[in-house]
Amino acid sequence: MVATDEELVARSMAGDAESFNQLVLRWERPIYALAYRVIGRDEDARDVCQETFLRAFRALPGFKGQAKFSSWLYRIALNLCRDWIRRKKRTPLVEMPEGVDIAELAAEQGPVESIEDLVSRHEMSGIVAEGMKLLPDEQRTAIVLKEYHGLTFQEIAELQGCPLSTVKTRLYQGLSVLRRHLESRGMTSLHNGRAS
Amino acid sequence: MSDPFVCDDKDTLIAYLYDEIDPVVRRRVEEHLRVCAACTAEVTALSSVRVELASWTAPEVELDFQFVRKSAAVWRPAAWWSGIPVWAQAAAAIFVLAVSAAIANVQVRSGTDGLVVSTGWMAPASAAPAAVAVPDEVAHVAADEAWKPALAALETQLRNEIRSGRDNGTNLVRASARTADDATLKNIELMIEASERRQRQEMALRLTQFNRDVNMQRQADLVKIDQIIGQYAATSGAELAQQRRTLNYLTRVSNPQQ
């Protein structure tokens, strides 16, 4: 039976490092993906991810379980992302990861996805990344938390420290900016109001 | 909840879009969408944006963060100093040596005999005042004037004593004075020996501690370097595997008949 986060946290607090490693294994991908999408740089996202778990490990004795462990991790990671953006004093640069080539992706996908579909998806990914770059930090973070991590409006409001209605407004405004960006890049299905 | 849906209510549309909405309100929105083309187009377009967002994936990277407890072999007796810069640690080490040298009264002189190292208990009794009395030429000149009358008085006193000694022939007094001098000398020698022993033990203890700390730090650094090299090796291996996969694929693509 798979241990829950709460059980692993309790064991970690009792000094079981292996339990904490299981939590790391379970959450490192989501935290990395969050950091990558918010700050947009692979290397920096790795650093933020690693630092998130380091801080969580150090702060574990103070974790009283008022929030979910994952929410607690997200909060630490978002604070680090915010610090990173402030420290670098630059707009997050969303870029495609280095070393990703269509050929390799196609080889991994196998016969399920044609090379044309793959190229199209890769291009779309780049266009979306460009659009995300246009968004203010708060809107981008809200969209990332909602779209890619499935958090509720309430959870996002708590993480961002704002009212629920503000979260909805940020989401609406962010999606509208992305919509215009996609339309400007020839995504005619959006212009025609046809869901793909 | 019983309020009717107001056309173009963005918050409610977003709640509807993400299906985080009260069922009653949902029904009202759906009723509205059936009759409002503008709101329908808005919801459809935003839904399409959401579909396109799914194409943006984070790179598949090897993370494998691991928390490893430090073993006893890597125990650091002075973990608090790991945050102190190396130059500050070196300065502290020099300071400790300097204090030890000061305690032991170590003196290093360069003279005609070459480099001479001596400790307080090894130096002749007259050496210390001499070292203090001759700081520079100016002090020399001032001292010339100060000690001349005192020297003259001492000379007079000695002459008087010698004269009176000759006159009285008091050899017994001289013998008793020599005995007292010998006892004092012996006491001083004993004190110096005890002090020397104490200083030597103190110095040996400090040097041992310093040596042990340096060894511990060195051991920890070696472990760290070993880990870093291991990480680099793993990264290089992953890159090689990736290149090999790409090459294999290109080979397959360039030879479709095989």
# chains A, B, ... in the order shown; residues from 1 in each chain; ligands from 1

$ residues_around --residues "stretch 63-78 of chain A" --least-positions-apart "4" --cutoff "7 Å" --atoms "only C-alpha atoms" --output "PyMOL selection string"
chain A and resi 5+31+35+48-49+52+56+59+82+159

$ residues_around --residues "A:Met124" --least-positions-apart "6" --cutoff "8 Å" --atoms "only C-alpha atoms" --output "list in words"
Glu52, Ser55 and Trp56 of chain B

$ residues_around --residues "A:Ala45" --least-positions-apart "6" --cutoff "8 Å" --atoms "only C-alpha atoms" --output "ChimeraX atom specification"
/A:32-33,35-36,39

$ write_last_selection --atoms "C-alpha atoms" --output "mmCIF file, in the first residue's frame"
data_model
loop_
_atom_site.group_PDB
_atom_site.id
_atom_site.type_symbol
_atom_site.label_atom_id
_atom_site.label_comp_id
_atom_site.auth_asym_id
_atom_site.auth_seq_id
_atom_site.Cartn_x
_atom_site.Cartn_y
_atom_site.Cartn_z
ATOM 1 C CA TYR A 32 10.280 21.403 -11.306
ATOM 2 C CA ALA A 33 7.505 21.860 -13.886
ATOM 3 C CA ALA A 35 9.345 26.435 -11.506
ATOM 4 C CA TYR A 36 10.120 25.900 -15.186
ATOM 5 C CA ILE A 39 10.649 31.318 -14.506
#

$ interface_residues --of "chain B" --to "chain A" --cutoff "9 Å" --atoms "only C-alpha atoms" --output "VMD selection string"
chain B and resid 10 to 15 18 20 40 to 61 63 to 69 242 245 to 247 249 to 250 253

$ write_last_selection --atoms "C-alpha atoms" --output "mmCIF file, in the first residue's frame"
data_model
loop_
_atom_site.group_PDB
_atom_site.id
_atom_site.type_symbol
_atom_site.label_atom_id
_atom_site.label_comp_id
_atom_site.auth_asym_id
_atom_site.auth_seq_id
_atom_site.Cartn_x
_atom_site.Cartn_y
_atom_site.Cartn_z
ATOM 1 C CA LYS B 10 -16.299 37.213 -16.325
ATOM 2 C CA ASP B 11 -15.855 35.621 -12.910
ATOM 3 C CA THR B 12 -18.837 33.332 -13.402
ATOM 4 C CA LEU B 13 -17.757 32.468 -16.928
ATOM 5 C CA ILE B 14 -14.314 31.475 -15.646
ATOM 6 C CA ALA B 15 -15.892 29.399 -12.872
ATOM 7 C CA TYR B 18 -13.139 25.376 -15.042
ATOM 8 C CA GLU B 20 -15.796 25.032 -10.290
ATOM 9 C CA THR B 40 -20.981 31.382 -26.217
ATOM 10 C CA ALA B 41 -18.183 32.561 -28.504
ATOM 11 C CA GLU B 42 -16.216 33.789 -25.505
ATOM 12 C CA VAL B 43 -16.491 30.492 -23.636
ATOM 13 C CA THR B 44 -15.655 28.502 -26.772
ATOM 14 C CA ALA B 45 -12.589 30.586 -27.545
ATOM 15 C CA LEU B 46 -11.289 30.357 -23.982
ATOM 16 C CA SER B 47 -11.860 26.601 -24.017
ATOM 17 C CA SER B 48 -9.754 26.404 -27.177
ATOM 18 C CA VAL B 49 -6.972 28.360 -25.505
ATOM 19 C CA ARG B 50 -7.037 25.819 -22.695
ATOM 20 C CA VAL B 51 -6.687 22.988 -25.196
ATOM 21 C CA GLU B 52 -3.675 24.666 -26.801
ATOM 22 C CA LEU B 53 -2.088 25.271 -23.405
ATOM 23 C CA ALA B 54 -1.809 21.517 -22.980
ATOM 24 C CA SER B 55 0.800 21.418 -25.754
ATOM 25 C CA TRP B 56 3.282 23.322 -23.598
ATOM 26 C CA THR B 57 5.139 20.666 -21.668
ATOM 27 C CA ALA B 58 8.004 21.039 -19.249
ATOM 28 C CA PRO B 59 11.190 19.292 -20.404
ATOM 29 C CA GLU B 60 11.741 15.715 -19.303
ATOM 30 C CA VAL B 61 14.813 16.061 -17.158
ATOM 31 C CA LEU B 63 16.198 15.184 -11.319
ATOM 32 C CA ASP B 64 16.799 12.417 -8.782
ATOM 33 C CA PHE B 65 17.358 14.639 -5.777
ATOM 34 C CA GLN B 66 18.373 12.536 -2.810
ATOM 35 C CA PHE B 67 18.779 13.424 0.833
ATOM 36 C CA VAL B 68 21.661 11.492 2.300
ATOM 37 C CA ARG B 69 22.418 11.439 5.985
ATOM 38 C CA GLN B 242 20.535 10.864 -25.768
ATOM 39 C CA ARG B 245 19.206 7.580 -29.497
ATOM 40 C CA THR B 246 19.156 10.532 -31.887
ATOM 41 C CA LEU B 247 21.812 8.903 -34.063
ATOM 42 C CA TYR B 249 16.737 7.410 -35.124
ATOM 43 C CA LEU B 250 18.457 9.388 -37.856
ATOM 44 C CA VAL B 253 14.964 7.581 -40.934
#

$ closest_residue --among "A:Ile156, A:Leu135, A:Leu60, A:Cys162" --to "A:Glu6" --atoms "only C-alpha atoms"
A:Leu60

$ atom_distance --atom1 "atom CA of B:Phe5" --atom2 "atom CA of A:Ala157"
23.5 Å

$ atom_distance --atom1 "atom CA of B:Thr235" --atom2 "atom CA of B:Gln219"
24.7 Å

$ closest_residue --among "B:Phe210, B:Cys39, B:Ile188, B:Arg163" --to "B:Ile94" --atoms "only C-alpha atoms"
B:Phe210

$ atom_distance --atom1 "atom CA of A:Arg41" --atom2 "atom CA of B:Gly237"
22.3 Å

$ select_by_dssp --residues "stretch 19-185 of chain A" --states "alpha helix (DSSP H)" --output "PyMOL selection string"
chain A and resi 19-39+42-59+69-88+102-109+115-134+137-143+153-160+164-184
